[in-house]
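Shown next: input-v8.txt, given as compact mmCIF, C-alpha atoms.
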# COMPACT_ATOMS: atom_id res chain seq x y z
CA MET W 1 31.41 -0.11 -1.35
CA ARG W 2 30.97 0.72 2.33
CA LYS W 3 28.26 -1.26 4.14
CA PRO W 4 25.45 1.17 5.02
CA GLY W 5 24.71 1.76 8.71
CA PRO W 6 21.33 1.24 10.38
CA ASP W 7 18.46 3.16 8.80
CA TRP W 8 17.52 5.21 11.86
CA LEU W 9 14.75 7.17 10.16
CA GLY W 10 13.19 3.90 8.98
CA ILE W 11 13.45 2.41 12.47
CA ILE W 12 11.88 5.52 14.06
CA LEU W 13 9.07 5.62 11.48
CA ALA W 14 8.35 1.90 11.96
CA GLY W 15 8.26 2.35 15.75
CA LEU W 16 5.96 5.37 15.52
CA SER W 17 3.66 3.54 13.07
CA ALA W 18 3.43 0.51 15.37
CA VAL W 19 2.60 2.72 18.37
CA ALA W 20 0.04 4.73 16.36
CA VAL W 21 -1.73 1.63 14.99
CA LEU W 22 -1.81 0.01 18.46
CA ALA W 23 -3.18 3.27 19.94
CA ALA W 24 -5.89 3.34 17.25
CA LEU W 25 -6.69 -0.31 17.98
CA GLY W 26 -6.95 0.51 21.69
CA MET W 27 -9.36 3.36 20.92
CA VAL W 28 -11.47 1.10 18.65
CA PHE W 29 -12.01 -1.46 21.41
CA LEU W 30 -11.76 0.58 24.62
CA TYR W 31 -12.69 4.19 23.82
CA ALA W 32 -15.28 4.16 21.01
CA PRO W 33 -18.80 3.40 22.25
CA ARG W 34 -20.79 0.37 21.13
CA GLU W 35 -23.01 1.32 18.20
CA VAL W 36 -26.68 0.93 19.06
CA THR W 37 -28.04 -0.70 15.89
CA MET W 38 -25.13 -2.85 14.69
CA GLY W 39 -23.46 -3.63 18.00
CA ASP W 40 -19.77 -4.58 18.28
CA VAL W 41 -19.43 -5.56 14.63
CA GLN W 42 -19.54 -1.83 13.77
CA ARG W 43 -16.01 -1.60 15.20
CA ILE W 44 -14.78 -3.01 11.88
CA PHE W 45 -15.72 0.37 10.41
CA TYR W 46 -12.71 2.28 11.86
CA PHE W 47 -9.99 0.17 10.22
CA HIS W 48 -12.13 -0.46 7.12
CA VAL W 49 -12.42 3.28 6.39
CA ALA W 50 -8.74 3.87 7.25
CA CYS W 51 -7.71 1.08 4.82
CA ALA W 52 -9.87 2.60 2.06
CA TRP W 53 -8.40 6.05 2.78
CA VAL W 54 -4.82 4.76 2.46
CA GLY W 55 -5.75 2.94 -0.76
CA PHE W 56 -7.21 6.11 -2.28
CA PHE W 57 -4.28 8.23 -1.07
CA ALA W 58 -1.77 5.72 -2.47
CA PHE W 59 -3.47 5.85 -5.88
CA PHE W 60 -3.42 9.65 -5.69
CA VAL W 61 0.35 9.51 -5.08
CA THR W 62 0.65 7.24 -8.16
CA PHE W 63 -1.39 9.79 -10.14
CA VAL W 64 0.91 12.66 -9.06
CA ALA W 65 4.04 10.55 -9.65
CA GLY W 66 2.75 9.67 -13.13
CA ILE W 67 2.43 13.36 -13.97
CA GLY W 68 5.90 13.89 -12.45
CA TYR W 69 7.39 11.17 -14.66
CA LEU W 70 5.77 12.47 -17.85
CA ALA W 71 6.96 16.00 -17.04
CA ARG W 72 10.52 15.16 -15.94
CA GLY W 73 11.25 11.64 -17.23
CA GLU W 74 13.10 10.83 -14.01
CA ARG W 75 13.22 7.25 -12.70
CA ARG W 76 12.43 8.37 -9.12
CA TRP W 77 8.88 9.30 -10.14
CA ASP W 78 8.37 5.87 -11.68
CA ILE W 79 9.70 4.21 -8.51
CA LEU W 80 7.31 6.27 -6.39
CA ALA W 81 4.32 5.39 -8.61
CA LEU W 82 5.10 1.67 -8.65
CA SER W 83 5.74 1.51 -4.90
CA SER W 84 2.55 3.38 -4.08
CA VAL W 85 0.41 1.12 -6.29
CA GLU W 86 1.66 -1.98 -4.50
CA ILE W 87 0.76 -0.55 -1.08
CA GLY W 88 -2.52 0.92 -2.34
CA LEU W 89 -3.58 -2.44 -3.75
CA THR W 90 -2.88 -4.18 -0.44
CA PHE W 91 -4.92 -1.62 1.51
CA ILE W 92 -7.83 -1.55 -0.96
CA THR W 93 -7.95 -5.35 -0.79
CA MET W 94 -8.04 -5.09 3.02
CA ALA W 95 -10.87 -2.52 2.75
CA VAL W 96 -12.87 -4.81 0.44
CA VAL W 97 -12.36 -7.90 2.61
CA THR W 98 -13.08 -6.14 5.93
CA GLY W 99 -16.09 -4.45 4.28
CA SER W 100 -17.46 -7.83 3.23
CA LEU W 101 -17.01 -9.15 6.76
CA TRP W 102 -18.89 -6.13 8.07
CA ALA W 103 -21.63 -6.46 5.43
CA ARG W 104 -22.44 -10.11 6.22
CA PRO W 105 -24.04 -9.52 9.65
CA VAL W 106 -25.41 -6.05 8.76
CA TRP W 107 -26.75 -6.55 5.20
CA GLY W 108 -27.11 -10.34 5.37
CA ALA W 109 -24.66 -10.90 2.48
CA TYR W 110 -20.89 -10.71 2.00
CA TRP W 111 -21.31 -8.95 -1.32
CA THR W 112 -23.94 -7.04 -3.27
CA TRP W 113 -23.44 -5.48 -6.69
CA GLU W 114 -24.29 -1.97 -5.49
CA PRO W 115 -22.37 1.01 -7.03
CA ARG W 116 -19.63 1.50 -4.39
CA LEU W 117 -18.77 -2.20 -4.18
CA THR W 118 -18.89 -2.69 -7.93
CA ILE W 119 -16.55 0.26 -8.50
CA SER W 120 -14.21 -1.06 -5.76
CA ALA W 121 -14.05 -4.44 -7.51
CA VAL W 122 -13.33 -2.79 -10.88
CA GLN W 123 -10.74 -0.52 -9.25
CA LEU W 124 -8.97 -3.53 -7.74
CA LEU W 125 -8.78 -5.24 -11.13
CA ILE W 126 -7.58 -2.04 -12.84
CA TYR W 127 -4.66 -1.67 -10.43
CA VAL W 128 -3.81 -5.39 -10.64
CA ALA W 129 -3.60 -4.80 -14.41
CA TYR W 130 -1.13 -1.96 -13.71
CA GLY W 131 1.32 -4.56 -12.41
CA MET W 132 0.61 -6.86 -15.35
CA LEU W 133 1.23 -4.01 -17.78
CA ARG W 134 4.62 -3.35 -16.20
CA THR W 135 5.72 -6.98 -16.45
CA ALA W 136 4.54 -7.18 -20.08
CA ILE W 137 6.79 -4.36 -21.37
CA GLU W 138 10.54 -4.97 -21.75
CA SER W 139 11.98 -1.50 -22.38
CA PRO W 140 12.35 0.38 -19.04
CA GLU W 141 11.56 3.79 -20.59
CA ARG W 142 8.44 2.54 -22.41
CA LYS W 143 7.37 0.64 -19.30
CA ALA W 144 7.65 3.75 -17.13
CA ARG W 145 5.88 5.98 -19.69
CA PHE W 146 2.99 3.56 -20.26
CA ALA W 147 2.64 2.94 -16.51
CA ALA W 148 2.59 6.70 -15.84
CA VAL W 149 -0.25 7.24 -18.32
CA TYR W 150 -2.09 4.19 -16.99
CA GLY W 151 -1.68 5.39 -13.37
CA ILE W 152 -3.10 8.81 -14.30
CA VAL W 153 -6.11 7.36 -16.15
CA ALA W 154 -6.76 4.65 -13.51
CA PHE W 155 -7.07 7.35 -10.84
CA VAL W 156 -10.53 8.19 -12.23
CA THR W 157 -11.79 5.19 -10.19
CA VAL W 158 -10.97 7.03 -6.92
CA PRO W 159 -13.37 10.02 -7.29
CA LEU W 160 -15.86 7.64 -8.92
CA SER W 161 -15.76 5.38 -5.88
CA TRP W 162 -15.85 8.37 -3.50
CA PHE W 163 -18.92 9.94 -5.13
CA ALA W 164 -20.70 6.65 -5.95
CA ILE W 165 -22.61 6.73 -2.68
CA ARG W 166 -23.80 10.28 -3.38
CA TRP W 167 -24.57 9.98 -7.11
CA TRP W 168 -26.43 6.66 -7.10
CA ARG W 169 -28.87 4.87 -4.80
CA THR W 170 -26.82 2.66 -2.53
CA ILE W 171 -27.02 0.88 0.79
CA HIS W 172 -23.41 1.81 1.61
CA PRO W 173 -23.33 4.28 4.57
CA ASP W 174 -22.02 7.81 3.95
CA ILE W 175 -19.85 8.72 6.91
CA LEU W 176 -19.42 12.38 6.00
CA THR W 177 -23.07 13.32 5.75
CA GLY W 178 -24.21 10.88 8.42
CA GLY W 179 -26.47 9.34 5.77
CA GLU W 180 -28.52 6.26 6.36
CA GLY W 181 -27.69 3.66 8.94
CA MET W 182 -25.09 5.22 11.24
CA ALA W 183 -24.93 8.23 13.54
CA MET W 184 -21.41 9.14 14.70
CA THR W 185 -20.79 10.29 18.28
CA PRO W 186 -17.76 12.55 19.04
CA ARG W 187 -15.83 9.55 20.44
CA MET W 188 -16.47 7.61 17.23
CA VAL W 189 -15.23 10.54 15.13
CA GLN W 190 -12.07 10.83 17.28
CA THR W 191 -11.41 7.09 16.93
CA LEU W 192 -11.91 7.24 13.18
CA LEU W 193 -9.57 10.23 12.80
CA THR W 194 -6.92 8.53 14.96
CA SER W 195 -7.18 5.38 12.82
CA ILE W 196 -6.84 7.42 9.61
CA ALA W 197 -3.79 9.27 11.00
CA ALA W 198 -2.18 6.01 12.17
CA PHE W 199 -2.74 4.34 8.81
CA THR W 200 -1.38 7.34 6.93
CA LEU W 201 1.80 7.12 9.01
CA LEU W 202 1.97 3.37 8.31
CA TYR W 203 1.59 4.12 4.60
CA VAL W 204 4.47 6.63 4.66
CA THR W 205 6.68 4.08 6.47
CA LEU W 206 5.83 1.28 4.03
CA LEU W 207 6.20 3.55 1.01
CA ARG W 208 9.66 4.66 2.12
CA GLN W 209 10.78 1.04 2.55
CA ARG W 210 9.25 0.02 -0.80
CA VAL W 211 11.05 2.89 -2.56
CA ARG W 212 14.35 1.80 -0.94
CA LEU W 213 13.71 -1.73 -2.21
CA GLU W 214 13.26 -0.52 -5.79
CA ARG W 215 16.43 1.59 -5.51
CA ALA W 216 18.34 -1.47 -4.28
CA ALA W 217 17.03 -3.41 -7.31
CA ASP W 218 18.30 -0.62 -9.57
CA ALA W 219 21.70 -0.67 -7.81
CA LEU W 220 21.94 -4.43 -8.35
CA ALA W 221 21.06 -4.07 -12.05
CA ARG W 222 23.78 -1.40 -12.46
CA LEU W 223 26.30 -3.59 -10.63
CA ARG W 224 25.48 -6.59 -12.85
CA LEU W 225 25.99 -4.44 -15.94
CA ARG W 226 29.34 -3.24 -14.62
CA ALA W 227 30.40 -6.80 -13.83
CA GLU W 228 29.45 -7.92 -17.35
CA ASN W 229 31.37 -5.02 -18.88
CA GLU W 230 34.45 -5.55 -16.75
CA LYS W 231 34.97 -9.29 -16.89
CA GLY W 232 31.86 -11.19 -17.74
CA ILE W 233 31.58 -12.52 -14.18
CA MET K 1 -17.12 -10.82 20.52
CA PRO K 2 -18.66 -11.27 17.03
CA ILE K 3 -16.75 -13.68 14.82
CA TYR K 4 -16.88 -11.19 11.90
CA LEU K 5 -15.14 -8.54 14.00
CA VAL K 6 -12.36 -10.96 14.95
CA ALA K 7 -12.05 -12.11 11.32
CA ALA K 8 -11.82 -8.52 10.00
CA TYR K 9 -9.01 -7.56 12.39
CA ALA K 10 -7.24 -10.86 11.71
CA VAL K 11 -7.38 -10.03 7.99
CA PHE K 12 -5.89 -6.60 8.69
CA TRP K 13 -2.96 -8.01 10.67
CA ALA K 14 -2.38 -10.86 8.20
CA PHE K 15 -2.20 -8.51 5.20
CA THR K 16 -0.04 -5.97 7.03
CA PHE K 17 2.45 -8.59 8.19
CA ALA K 18 2.49 -10.19 4.73
CA LEU K 19 3.32 -6.82 3.12
CA VAL K 20 6.00 -5.95 5.70
CA PHE K 21 7.54 -9.43 5.43
CA SER K 22 7.45 -9.36 1.63
CA ILE K 23 9.28 -5.98 1.51
CA TRP K 24 11.79 -7.09 4.16
CA PHE K 25 12.45 -10.44 2.42
CA ARG K 26 12.99 -8.87 -1.02
CA GLN K 27 15.26 -6.16 0.46
CA HIS K 28 17.30 -8.78 2.34
CA LYS K 29 17.69 -10.90 -0.80
CA LEU K 30 18.76 -7.90 -2.89
CA GLU K 31 21.29 -6.78 -0.28
CA GLN K 32 22.78 -10.30 -0.23
CA GLU K 33 23.03 -10.35 -4.02
CA ILE K 34 24.64 -6.89 -4.07
CA ALA K 35 27.19 -7.92 -1.41
CA ALA K 36 28.04 -11.15 -3.28
CA LEU K 37 28.47 -9.36 -6.59
CA GLU K 38 30.62 -6.64 -5.02
CA ALA K 39 32.82 -9.28 -3.41
CA ARG K 40 33.26 -11.06 -6.74
CA LEU K 41 34.06 -7.78 -8.48
CA GLY K 42 36.63 -6.97 -5.77
CA GLU K 43 38.26 -10.40 -6.11
CA SER K 44 38.39 -10.10 -9.86
CA ARG K 45 40.10 -6.68 -9.65
CA GLN K 46 42.59 -8.00 -7.08
CA ASN K 47 43.47 -10.93 -9.34
CA GLU K 48 43.95 -8.56 -12.26
CA GLY K 49 46.27 -6.43 -10.10
CA ASN K 50 48.35 -9.49 -9.08
CA ILE K 51 48.74 -10.59 -12.70
CA GLY K 52 49.63 -7.06 -13.82
Can you present the structure in this file as structure tokens?
Amino acid sequence: MRKPGPDWLGIILAGLSAVAVLAALGMVFLYAPREVTMGDVQRIFYFHVACAWVGFFAFFVTFVAGIGYLARGERRWDILALSSVEIGLTFITMAVVTGSLWARPVWGAYWTWEPRLTISAVQLLIYVAYGMLRTAIESPERKARFAAVYGIVAFVTVPLSWFAIRWWRTIHPDILTGGEGMAMTPRMVQTLLTSIAAFTLLYVTLLRQRVRLERAADALARLRLRAENEKGI
Amino acid sequence: MPIYLVAAYAVFWAFTFALVFSIWFRQHKLEQEIAALEARLGESRQNEGNIG
């Protein structure tokens, strides 16, 4: 087999993601104004929200890929779902940790069992269990089918988390309606939108690489099978 | 600068680098395994050809 050349699209995407994230970081510290009530610690908010957005979006991709797999039965949908869960879990964990670090000086505690935080914790465990489910099943077809159904059902935690701050009494700020605790100036909104765009680009870059990794694993499995069939190497 | 702000951004960079490194490391390992297996398959075919 011919050795593949450099992955130019991957290199370009990685470069663009790095520039976008650094630009967002620059805006967070140099462009966005200091929030009056919370002070500088409010600057955590921009990356915290962007991390949560990527987590939710990644789980949405898993939901769509799950439907795709059940409809078509093609391995590529399963690869997409699995890859997106891994990235989504990383970003949701980042959102939870950065949120806790923001909560400590603002609420006086790293964690409170209020609706949004409780649902986030449950969501994290549900998607960790997605990975455990996959490792527990031997047959690739059964694994993919079960994971697809699980990924579709698990997605219910995303709208639940999104609407938690509107449906129940909570101290978590609502950035869309302004809500309690934080008024957004135009510069803050621009910084937040830039962060979200940069993180979405980073997600696309990571997802593409993660999908390539899974395809390489499949190629290796096929090669091993061929080697066993040919000679028992 | 508040310590919580520094900690939050440190967490972001640590997780991002860990994810990127983990993907890169696994990809690198798989590519090495694929190359080794292909080389062994090639050798085996060559030996078969010489015998035949």
With all atoms listed in the file counted and 7 Å as the cut-off, give the residues of chain W in contact with chain K, each with its shortest interatomic distance in Å and the pair that gives it, as CSV.
residue,atom,partner,partner_atom,distance
W:Asp40,CA,K:Pro2,CA,6.9
W:Val41,CA,K:Leu5,CA,5.3
W:Ile44,CA,K:Leu5,CA,5.9
W:Met94,CA,K:Phe12,CA,6.2
W:Thr98,CA,K:Ala8,CA,4.9
W:Leu101,CA,K:Tyr4,CA,5.5
W:Trp102,CA,K:Tyr4,CA,6.7
W:Arg210,CA,K:Ile23,CA,6.4
W:Leu213,CA,K:Gln27,CA,5.4
W:Ala216,CA,K:Leu30,CA,6.6
W:Ala217,CA,K:Leu30,CA,6.5
W:Leu220,CA,K:Ile34,CA,5.6
W:Ala227,CA,K:Leu41,CA,6.6
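A straight line drawn from CA of Ser83 in chain W to CA of Thr62 in chain W is 8.3 Å long.
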**Message:** Nearest residue to Ile196 in chain W out of W:Met184, W:Ala18, W:Ala81, W:Ala50, using all atoms listed in the file?
**Reply:** W:Ala50
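CA of Met188 in chain W is positioned 26.6 Å from CA of Phe59 in chain W.
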**Message:** Applying 12 Å and all atoms listed in the file, which residues near Asp218 in chain W remain after dropping the ones on its own chain fewer than 3 positions away? List them as a PyMOL selection string.
**Reply:** (chain W and resi 75-76+79+140+211-215+221-225) or (chain K and resi 27+30-31+34)
Taking all listed atoms of range 35-42 of chain K, build the axis-aligned box, pad each of the six sides by 3 Å, then write its centre and edge lengths in Å to one decimal as lines of an AutoDock Vina configuration file.
center_x = 31.9
center_y = -8.9
center_z = -4.9
size_x = 15.4
size_y = 10.5
size_z = 13.1
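In this structure, CA of Arg226 in chain W sits 19.1 Å away from CA of Ser139 in chain W.
Across W:Ile87, W:Ile152, W:Val28, W:Ala71, the tightest approach to Phe57 in chain W is made by W:Ile87 when counting all atoms listed in the file.
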**Request:** Can you pull out every residue within 10 Å of Arg134 in chain W, counting all atoms listed in the file, but drop anything in the same chain fewer than 5 positions away, and send it as number ranges by chain?
**Result:** W: 82, 129, 139-140, 142-144, 146-147
**Fill in**
Tyr127 in chain W proximity check over W:Gly73, W:Pro159, W:Gly55, W:Gly108, using only C-alpha atoms: winner is W:Gly55
**Message:** Residues within 6 Å of range 20-26 of chain W, please, as a PyMOL selection string. Count all atoms listed in the file; anything in the same chain fewer than 6 positions from it doesn't count.
**Reply:** chain W and resi 194-195+198
